[in-house]
Amino acid sequence: MASNTTVKCPPPMKATSNGVFQGDNPIDFALPLVIIQICLVLSLTRILAYLLRPLRQPRVIAEIIGGILLGPSALGRNQKYLHAIFPPRSLTVLDTLANLGLLFFLFLVGLELDPKSLRRTGKKAMSIALAGITLPFALGIGTSFALRGTISKGVSEGPFLVFMGVALSITAFPVLARILAELKLLTTDVGRMAMSAAAVNDVAAWILLALAIALSGVGHSPLVAVWVLLCGSGFVACCIFVAPPIFKWMARRCPQGEPVDEMYVCATLAVVLAAGFVTDSIGIHALFGAFVIGILVPKEGAFAGALVEKVEDLVSGLFLPLYFVSSGLKTNVATIHGAQSWGLLVLVIFTACFGKIVGTVIASLLCKMPFREAITLGFLMNTKGLVELIVLNIGKDRGVLNDQTFAVMVLMALFTTFITTPVVTAIYKPAKMAKSEYKHRTIQRKEAGSQLRLLTCFHSSRNIPSLINLIEASRGVEKREGLRVYAMHLMELSERSSAILMVHKARKNGLPFWNKLHDSDHSNQIIVAFEAFRHLSKVSIRPTTAISPIASMHEDIVTSAETKRVGMIILPFHKHQRLDGLLETTRAEFRHVNRRVLREAPCSVGILVDRGLGGTSHVSASNVDYTIIALFFGGHDDREAVAYGARMAEHPGINLVVVHFTVDPKVVGETVSVDVNENSSLEARSDDEEFISELQGNKKNVESITFQEKIVKNAAETVEVVRTYSRCNLFLIGRMPEGQLVAALSKTTECPELGPVGNLLIAPDFSTTASVLVVQQYRRELPEVSLASLDVEGSSEDST
């Protein structure tokens, strides 16, 4: 007689506990347990990301490895740990949070893909993308037969073929954008080609994945797959007709520079969730609905940027790592055992790399790309990352991939993404190729009529008005090609930097502004300001972008100056003026960028201490009325500063006063006791006298230059003389002037990169509204005193 046995299911987890004092164990409840899981995940992934940073690996590598370590492959071998921290009852909550984060991440991926730019993708990028999909897809189908005959017996043939093809042919667009930015390739020809091809690849891969999911959902009738595809196509068509007008209306009501209404953000996120519900109901996947909505949001204006800013931190920083843990808990490397399994892993990795790299290289060579660039592009397009994991997890959940096949494919994705950075770094070094010799590396030059090229850098729109007014003052006489300016936007590459920001900023890097008329960033206030100035002035001005971590931002500036063959780099000071007139630190890291540029620059460098030169808007040429004071003590840097001032004095609205300080002959040698090489001192003095004499000789051509000689006895008297000129608009000074007077002033080391006179002019007790431009003249080797001042990394700095 059969006995009726009752199987007791564990009770569902309650959300919150009553606390340990009430006898409850917090990890038996959903909310405390998920908090522990999140903290554990974030701690481990951030530690791994820090350890992998010297290898310049994207954070996605650390998150994949972290997920595998937390799963049954490593820590999960301890059953007590696994059942305590990741009990089966908690996995539903964890998976729900992870997939919710993934839903919004796919919305961000859609935001990063601009349909307009896809339509404008050239034949070259389209050919490379299609070749990079076709060959690995075909090889993936071939590999699937080997897997079905060994470790994947019994799986549904049709869906398995398509899933393997998609898994091997996919390129992770967001991960590739970050790798390119890390390697400083985003704004190169290879980088732009890679991003264009990856965008096409991404869209094609998602269409193929939708097909694979539809096939994998076949129940009793093959017609189900047809219904799924038809309903999915109808949903996409409906979204294309309905969503864009609504989103464009929202975007128009969010002007640039104004805060975006929270109602529009909430409404958009609700639409994303609703679209996810619809596609999940159809049987495709909730991710597709979010992805489609992301593509349809207009990329112009502030609206898309506000969505990225509000969603990205929470999704990428908090929820997305949970998805990797969710994947890691399904990955058991121990299932790969025996020669056969490891051989299949090698086969899958080889097939994935061979198909993607060879397909891309052949197409690139047929498009007449250089071989080195073709190989580089092949390895870049081989990047898998997160998008690959999404494909694999969907396949695992649908029963298309078993445990062993899933583990093999995860290791393949990890390997192909890991090798991208070291291989590309080894075979492609555009920065080294770009180095060249050129003549005019300083402002002071014999050919007075030659073109001056400036690289002006800025961090934000706060720097723009003074920068434009400085450029206006620098244009000299009325010559169309007299001045060419490259305006470089310094963008920090942080962990939260979205590909949408990086790619859109870099799309037409270095081209004239009028070529940006059809660019999605044309409404950007910075672009508008520079474009308006270009039209109103006689200056050739072009935008360029540096997207890099703070630690290596100086490399972008130095390399760009070299390739653009500029005579001077102008950097913003790391402090800005407060309402009370004092200077306040913007970000301390920027001072280290300035110091590194001063040390390694291939030309002269100026640091602009901005106190509102010309006010808060562009001053037209006819309204310019500036008094510029050049403080001349002697030496290379002072001569460069005065030479720059002489060029400014060619502008009809500018008066230059050159204040030449000399020590009273009665007290020479008594002001300060220093060891000075007598011959070099005499030589420098001779060069100074020759320079001033030559400038005075040319004074008849520039009536707006006034020379004043000030004989002083000591440093205190020098300071008092300088104070009498505090009502000017701009101070021009050398960074490291030479002579006894300067040696007496050099006691203040708050900002060594400004030199002794610069520190005097920014001191809180020096009352002035004048901006300060501190100039360092290019020399093949900077003197030891100058280098020593730049090595003082830990100098004291107050909060003002």
# chains A, B, ... in the order shown; residues from 1 in each chain; ligands from 1
$ residues_around --residues "Leu782 (chain A)" --least-positions-apart "6" --cutoff "12 Å" --atoms "only C-alpha atoms" --output "ChimeraX atom specification"
/A:598-604,636-637,735-736,776,788-790
$ residues_around --residues "region 341-345 of chain A" --least-positions-apart "3" --cutoff "10 Å" --atoms "only C-alpha atoms" --output "list in words"
Thr143, Ala146, Leu147, Thr150, Ile151, Thr335, Ile336, His337, Gly338, Val348, Ile349, Phe350, Thr351, Gln404, Thr405, Ala407, Val408, Met409, Leu411 and Met412 of chain A
$ write_last_selection --atoms "C-alpha atoms" --output "PDB file, in the first residue's frame"
ATOM      1  CA  THR A 143      31.128  24.805 -33.399  1.00  0.00           C
ATOM      2  CA  ALA A 146      30.801  19.736 -32.072  1.00  0.00           C
ATOM      3  CA  LEU A 147      29.256  20.814 -28.745  1.00  0.00           C
ATOM      4  CA  THR A 150      29.702  15.993 -26.801  1.00  0.00           C
ATOM      5  CA  ILE A 151      28.749  18.210 -23.816  1.00  0.00           C
ATOM      6  CA  THR A 335      31.989  21.138 -14.660  1.00  0.00           C
ATOM      7  CA  ILE A 336      34.776  21.609 -17.210  1.00  0.00           C
ATOM      8  CA  HIS A 337      36.821  18.494 -16.519  1.00  0.00           C
ATOM      9  CA  GLY A 338      38.693  16.056 -18.663  1.00  0.00           C
ATOM     10  CA  VAL A 348      35.416  27.785 -28.722  1.00  0.00           C
ATOM     11  CA  ILE A 349      37.995  30.471 -27.825  1.00  0.00           C
ATOM     12  CA  PHE A 350      39.948  29.868 -31.045  1.00  0.00           C
ATOM     13  CA  THR A 351      36.793  29.903 -33.163  1.00  0.00           C
ATOM     14  CA  GLN A 404      28.999  22.894 -18.798  1.00  0.00           C
ATOM     15  CA  THR A 405      28.383  24.775 -22.056  1.00  0.00           C
ATOM     16  CA  ALA A 407      30.761  27.723 -18.106  1.00  0.00           C
ATOM     17  CA  VAL A 408      32.765  27.247 -21.334  1.00  0.00           C
ATOM     18  CA  MET A 409      31.106  30.273 -22.961  1.00  0.00           C
ATOM     19  CA  LEU A 411      35.326  31.709 -19.821  1.00  0.00           C
ATOM     20  CA  MET A 412      35.495  32.445 -23.565  1.00  0.00           C
TER      21      MET A 412
END
$ atom_distance --atom1 "CA of Asp280 (chain A)" --atom2 "CA of Ala210 (chain A)"
11.5 Å
$ atom_distance --atom1 "CA of Glu312 (chain A)" --atom2 "CA of Leu106 (chain A)"
10.8 Å
$ residues_around --residues "region 455-470 of chain A" --least-positions-apart "2" --cutoff "6 Å" --atoms "only C-alpha atoms" --output "list in words"
Glu472, Ala473, Val485, Tyr486, Ala487, Met488, His489, Leu490, Ile569, Ile570, Leu571, Gly612, Leu613, Thr616, Ser617 and His618 of chain A
$ residues_around --residues "Gly276 (chain A)" --least-positions-apart "6" --cutoff "7 Å" --atoms "only C-alpha atoms" --output "ChimeraX atom specification"
/A:286-290
$ select_by_dssp --residues "region 397-466 of chain A" --states "strand (DSSP E)" --output "PyMOL selection string"
chain A and resi 452-458
$ write_last_selection --atoms "C-alpha atoms" --output "tab-separated table (two decimals), in the first residue's frame"
chain	number	residue	atom	x	y	z
A	452	LEU	CA	50.51	81.42	-34.10
A	453	ARG	CA	48.82	78.21	-33.00
A	454	LEU	CA	47.33	77.93	-29.51
A	455	LEU	CA	45.89	74.94	-27.69
A	456	THR	CA	43.44	76.36	-25.13
A	457	CYS	CA	42.09	73.88	-22.58
A	458	PHE	CA	38.93	74.12	-20.47
$ residues_around --residues "Ala770 (chain A)" --least-positions-apart "6" --cutoff "8 Å" --atoms "only C-alpha atoms" --output "PyMOL selection string"
chain A and resi 611-613+726-731
$ write_last_selection --atoms "N, CA and C atoms" --output "PDB file, in the first residue's frame"
ATOM      1  N   ARG A 611      39.996  85.594 -13.277  1.00  0.00           N
ATOM      2  CA  ARG A 611      39.188  86.441 -12.400  1.00  0.00           C
ATOM      3  C   ARG A 611      38.158  87.217 -13.226  1.00  0.00           C
ATOM      4  N   GLY A 612      37.724  86.625 -14.322  1.00  0.00           N
ATOM      5  CA  GLY A 612      36.692  87.246 -15.139  1.00  0.00           C
ATOM      6  C   GLY A 612      37.242  88.245 -16.125  1.00  0.00           C
ATOM      7  N   LEU A 613      38.165  87.816 -16.981  1.00  0.00           N
ATOM      8  CA  LEU A 613      38.737  88.707 -17.983  1.00  0.00           C
ATOM      9  C   LEU A 613      37.646  89.147 -18.956  1.00  0.00           C
ATOM     10  N   SER A 726      47.520  97.061  -9.629  1.00  0.00           N
ATOM     11  CA  SER A 726      46.473  96.063  -9.390  1.00  0.00           C
ATOM     12  C   SER A 726      45.160  96.354 -10.112  1.00  0.00           C
ATOM     13  N   ARG A 727      44.988  97.563 -10.666  1.00  0.00           N
ATOM     14  CA  ARG A 727      43.716  97.916 -11.304  1.00  0.00           C
ATOM     15  C   ARG A 727      43.709  97.581 -12.799  1.00  0.00           C
ATOM     16  N   CYS A 728      44.658  96.796 -13.255  1.00  0.00           N
ATOM     17  CA  CYS A 728      44.703  96.415 -14.673  1.00  0.00           C
ATOM     18  C   CYS A 728      43.706  95.280 -14.937  1.00  0.00           C
ATOM     19  N   ASN A 729      43.641  94.812 -16.195  1.00  0.00           N
ATOM     20  CA  ASN A 729      42.754  93.699 -16.555  1.00  0.00           C
ATOM     21  C   ASN A 729      43.458  92.352 -16.551  1.00  0.00           C
ATOM     22  N   LEU A 730      44.761  92.372 -16.865  1.00  0.00           N
ATOM     23  CA  LEU A 730      45.491  91.111 -16.961  1.00  0.00           C
ATOM     24  C   LEU A 730      46.951  91.329 -16.612  1.00  0.00           C
ATOM     25  N   PHE A 731      47.489  90.432 -15.789  1.00  0.00           N
ATOM     26  CA  PHE A 731      48.930  90.395 -15.507  1.00  0.00           C
ATOM     27  C   PHE A 731      49.558  89.312 -16.387  1.00  0.00           C
TER      28      PHE A 731
END
$ closest_atom_pairs --of "region 57-160 of chain A" --to "region 23-39 of chain A" --cutoff "10 Å" --atoms "only C-alpha atoms" --output "JSON lines"
{"residue": "A:Ala84", "atom": "CA", "partner": "A:Ile27", "partner_atom": "CA", "distance": 7.3}
{"residue": "A:Ile85", "atom": "CA", "partner": "A:Gln37", "partner_atom": "CA", "distance": 6.8}
{"residue": "A:Phe86", "atom": "CA", "partner": "A:Gln37", "partner_atom": "CA", "distance": 7.7}
{"residue": "A:Pro87", "atom": "CA", "partner": "A:Asp28", "partner_atom": "CA", "distance": 9.3}
{"residue": "A:Arg89", "atom": "CA", "partner": "A:Ala30", "partner_atom": "CA", "distance": 8.9}
{"residue": "A:Ser90", "atom": "CA", "partner": "A:Ala30", "partner_atom": "CA", "distance": 6.6}
{"residue": "A:Leu91", "atom": "CA", "partner": "A:Val34", "partner_atom": "CA", "distance": 9.4}
{"residue": "A:Val93", "atom": "CA", "partner": "A:Ala30", "partner_atom": "CA", "distance": 7.5}
{"residue": "A:Leu94", "atom": "CA", "partner": "A:Val34", "partner_atom": "CA", "distance": 6.9}
{"residue": "A:Leu97", "atom": "CA", "partner": "A:Val34", "partner_atom": "CA", "distance": 9.4}
$ write_last_selection --atoms "N, CA, C and O atoms" --output "PDB file, in the first residue's frame"
ATOM      1  N   ALA A  84      24.411  30.124   3.477  1.00  0.00           N
ATOM      2  CA  ALA A  84      24.196  31.261   4.382  1.00  0.00           C
ATOM      3  C   ALA A  84      24.038  32.573   3.618  1.00  0.00           C
ATOM      4  O   ALA A  84      23.136  33.366   3.898  1.00  0.00           O
ATOM      5  N   ILE A  85      24.921  32.818   2.644  1.00  0.00           N
ATOM      6  CA  ILE A  85      24.925  34.102   1.932  1.00  0.00           C
ATOM      7  C   ILE A  85      24.071  34.062   0.682  1.00  0.00           C
ATOM      8  O   ILE A  85      23.389  35.048   0.347  1.00  0.00           O
ATOM      9  N   PHE A  86      24.073  32.947  -0.040  1.00  0.00           N
ATOM     10  CA  PHE A  86      23.276  32.839  -1.268  1.00  0.00           C
ATOM     11  C   PHE A  86      22.372  31.604  -1.209  1.00  0.00           C
ATOM     12  O   PHE A  86      22.474  30.705  -2.049  1.00  0.00           O
ATOM     13  N   PRO A  87      21.464  31.524  -0.226  1.00  0.00           N
ATOM     14  CA  PRO A  87      20.559  30.375  -0.156  1.00  0.00           C
ATOM     15  C   PRO A  87      19.602  30.374  -1.353  1.00  0.00           C
ATOM     16  O   PRO A  87      19.294  31.438  -1.907  1.00  0.00           O
ATOM     17  N   ARG A  89      16.501  30.201  -1.551  1.00  0.00           N
ATOM     18  CA  ARG A  89      15.302  31.016  -1.357  1.00  0.00           C
ATOM     19  C   ARG A  89      15.530  32.485  -1.721  1.00  0.00           C
ATOM     20  O   ARG A  89      14.607  33.199  -2.089  1.00  0.00           O
ATOM     21  N   SER A  90      16.799  32.942  -1.611  1.00  0.00           N
ATOM     22  CA  SER A  90      17.086  34.358  -1.845  1.00  0.00           C
ATOM     23  C   SER A  90      17.371  34.690  -3.303  1.00  0.00           C
ATOM     24  O   SER A  90      17.433  35.869  -3.675  1.00  0.00           O
ATOM     25  N   LEU A  91      17.575  33.650  -4.115  1.00  0.00           N
ATOM     26  CA  LEU A  91      18.026  33.901  -5.482  1.00  0.00           C
ATOM     27  C   LEU A  91      16.975  34.598  -6.335  1.00  0.00           C
ATOM     28  O   LEU A  91      17.294  35.324  -7.263  1.00  0.00           O
ATOM     29  N   VAL A  93      14.909  36.980  -5.310  1.00  0.00           N
ATOM     30  CA  VAL A  93      15.036  38.416  -5.032  1.00  0.00           C
ATOM     31  C   VAL A  93      16.278  38.977  -5.724  1.00  0.00           C
ATOM     32  O   VAL A  93      16.238  40.046  -6.356  1.00  0.00           O
ATOM     33  N   LEU A  94      17.401  38.258  -5.631  1.00  0.00           N
ATOM     34  CA  LEU A  94      18.656  38.709  -6.234  1.00  0.00           C
ATOM     35  C   LEU A  94      18.515  38.817  -7.750  1.00  0.00           C
ATOM     36  O   LEU A  94      18.930  39.818  -8.357  1.00  0.00           O
ATOM     37  N   LEU A  97      16.302  41.862  -8.748  1.00  0.00           N
ATOM     38  CA  LEU A  97      17.038  43.131  -8.680  1.00  0.00           C
ATOM     39  C   LEU A  97      18.052  43.238  -9.814  1.00  0.00           C
ATOM     40  O   LEU A  97      18.200  44.297 -10.444  1.00  0.00           O
TER      41      LEU A  97
END
$ atom_distance --atom1 "CA of Thr420 (chain A)" --atom2 "CA of Leu208 (chain A)"
24.4 Å
$ closest_residue --among "A:Ile295, A:Leu100, A:Met250, A:Ile362" --to "Glu262 (chain A)" --atoms "only C-alpha atoms"
A:Met250
$ select_by_dssp --residues "region 210-455 of chain A" --states "alpha helix (DSSP H)" --output "PyMOL selection string"
chain A and resi 210-216+223-252+262-282+286-296+301-314+320-330+338-366+371-381+386-397+403-427+430-434
$ closest_atom_pairs --of "region 324-416 of chain A" --to "region 177-193 of chain A" --cutoff "8 Å" --atoms "only C-alpha atoms" --output "Markdown table"
| residue | atom | partner | partner_atom | distance |
| --- | --- | --- | --- | --- |
| A:Glu373 | CA | A:Val190 | CA | 6.5 |
| A:Thr376 | CA | A:Val190 | CA | 7.8 |
| A:Leu377 | CA | A:Val190 | CA | 6.6 |
$ closest_residue --among "A:Leu75, A:Val657, A:Ile557, A:Ile375" --to "Tyr428 (chain A)" --atoms "only C-alpha atoms"
A:Ile375
$ decode --residues "region 352-363 of chain A" --atoms "all heavy atoms" --output "JSON list (two decimals), in the first residue's frame"
[["chain", "number", "residue", "atom", "x", "y", "z"],
["A", 352, "ALA", "N", 36.02, 31.76, -31.77],
["A", 352, "ALA", "CA", 35.52, 33.11, -31.54],
["A", 352, "ALA", "C", 36.53, 34.15, -32.00],
["A", 352, "ALA", "O", 36.19, 35.11, -32.71],
["A", 352, "ALA", "CB", 35.20, 33.29, -30.05],
["A", 353, "CYS", "N", 37.80, 33.97, -31.60],
["A", 353, "CYS", "CA", 38.84, 34.94, -31.96],
["A", 353, "CYS", "C", 39.13, 34.92, -33.45],
["A", 353, "CYS", "O", 39.23, 35.96, -34.10],
["A", 353, "CYS", "CB", 40.12, 34.66, -31.17],
["A", 353, "CYS", "SG", 39.95, 34.91, -29.39],
["A", 354, "PHE", "N", 39.26, 33.70, -34.01],
["A", 354, "PHE", "CA", 39.59, 33.57, -35.43],
["A", 354, "PHE", "C", 38.51, 34.20, -36.31],
["A", 354, "PHE", "O", 38.80, 34.99, -37.21],
["A", 354, "PHE", "CB", 39.76, 32.09, -35.78],
["A", 354, "PHE", "CG", 40.13, 31.85, -37.22],
["A", 354, "PHE", "CD1", 41.45, 31.92, -37.62],
["A", 354, "PHE", "CD2", 39.16, 31.57, -38.17],
["A", 354, "PHE", "CE1", 41.81, 31.71, -38.95],
["A", 354, "PHE", "CE2", 39.50, 31.35, -39.50],
["A", 354, "PHE", "CZ", 40.82, 31.42, -39.89],
["A", 355, "GLY", "N", 37.27, 33.86, -36.03],
["A", 355, "GLY", "CA", 36.18, 34.38, -36.84],
["A", 355, "GLY", "C", 36.07, 35.89, -36.80],
["A", 355, "GLY", "O", 35.97, 36.56, -37.83],
["A", 356, "LYS", "N", 36.12, 36.43, -35.61],
["A", 356, "LYS", "CA", 35.94, 37.87, -35.45],
["A", 356, "LYS", "C", 37.14, 38.64, -36.00],
["A", 356, "LYS", "O", 36.98, 39.63, -36.74],
["A", 356, "LYS", "CB", 35.77, 38.20, -33.95],
["A", 356, "LYS", "CG", 35.13, 39.54, -33.69],
["A", 356, "LYS", "CD", 33.66, 39.50, -34.06],
["A", 356, "LYS", "CE", 32.95, 40.77, -33.71],
["A", 356, "LYS", "NZ", 31.56, 40.76, -34.15],
["A", 357, "ILE", "N", 38.34, 38.21, -35.65],
["A", 357, "ILE", "CA", 39.54, 38.96, -36.05],
["A", 357, "ILE", "C", 39.78, 38.82, -37.55],
["A", 357, "ILE", "O", 39.99, 39.81, -38.25],
["A", 357, "ILE", "CB", 40.77, 38.48, -35.24],
["A", 357, "ILE", "CG1", 40.57, 38.82, -33.76],
["A", 357, "ILE", "CG2", 42.04, 39.12, -35.76],
["A", 357, "ILE", "CD1", 41.58, 38.17, -32.83],
["A", 358, "VAL", "N", 39.74, 37.59, -38.06],
["A", 358, "VAL", "CA", 40.02, 37.37, -39.48],
["A", 358, "VAL", "C", 38.96, 38.04, -40.35],
["A", 358, "VAL", "O", 39.28, 38.69, -41.36],
["A", 358, "VAL", "CB", 40.11, 35.86, -39.78],
["A", 358, "VAL", "CG1", 40.18, 35.61, -41.29],
["A", 358, "VAL", "CG2", 41.34, 35.27, -39.10],
["A", 359, "GLY", "N", 37.69, 37.91, -39.96],
["A", 359, "GLY", "CA", 36.62, 38.54, -40.73],
["A", 359, "GLY", "C", 36.79, 40.05, -40.81],
["A", 359, "GLY", "O", 36.66, 40.66, -41.87],
["A", 360, "THR", "N", 37.10, 40.65, -39.66],
["A", 360, "THR", "CA", 37.29, 42.10, -39.62],
["A", 360, "THR", "C", 38.53, 42.53, -40.39],
["A", 360, "THR", "O", 38.50, 43.53, -41.12],
["A", 360, "THR", "CB", 37.41, 42.56, -38.15],
["A", 360, "THR", "OG1", 36.25, 42.16, -37.42],
["A", 360, "THR", "CG2", 37.54, 44.08, -38.07],
["A", 361, "VAL", "N", 39.63, 41.78, -40.25],
["A", 361, "VAL", "CA", 40.88, 42.14, -40.93],
["A", 361, "VAL", "C", 40.73, 42.05, -42.44],
["A", 361, "VAL", "O", 41.15, 42.96, -43.18],
["A", 361, "VAL", "CB", 42.04, 41.22, -40.45],
["A", 361, "VAL", "CG1", 43.26, 41.39, -41.35],
["A", 361, "VAL", "CG2", 42.41, 41.54, -39.01],
["A", 362, "ILE", "N", 40.10, 40.99, -42.93],
["A", 362, "ILE", "CA", 39.92, 40.84, -44.39],
["A", 362, "ILE", "C", 39.10, 42.01, -44.95],
["A", 362, "ILE", "O", 39.45, 42.63, -45.96],
["A", 362, "ILE", "CB", 39.26, 39.48, -44.71],
["A", 362, "ILE", "CG1", 40.24, 38.34, -44.42],
["A", 362, "ILE", "CG2", 38.81, 39.43, -46.17],
["A", 362, "ILE", "CD1", 39.62, 36.96, -44.55],
["A", 363, "ALA", "N", 37.99, 42.32, -44.27],
["A", 363, "ALA", "CA", 37.14, 43.43, -44.73],
["A", 363, "ALA", "C", 37.90, 44.75, -44.66],
["A", 363, "ALA", "O", 37.78, 45.60, -45.56],
["A", 363, "ALA", "CB", 35.87, 43.50, -43.88]]
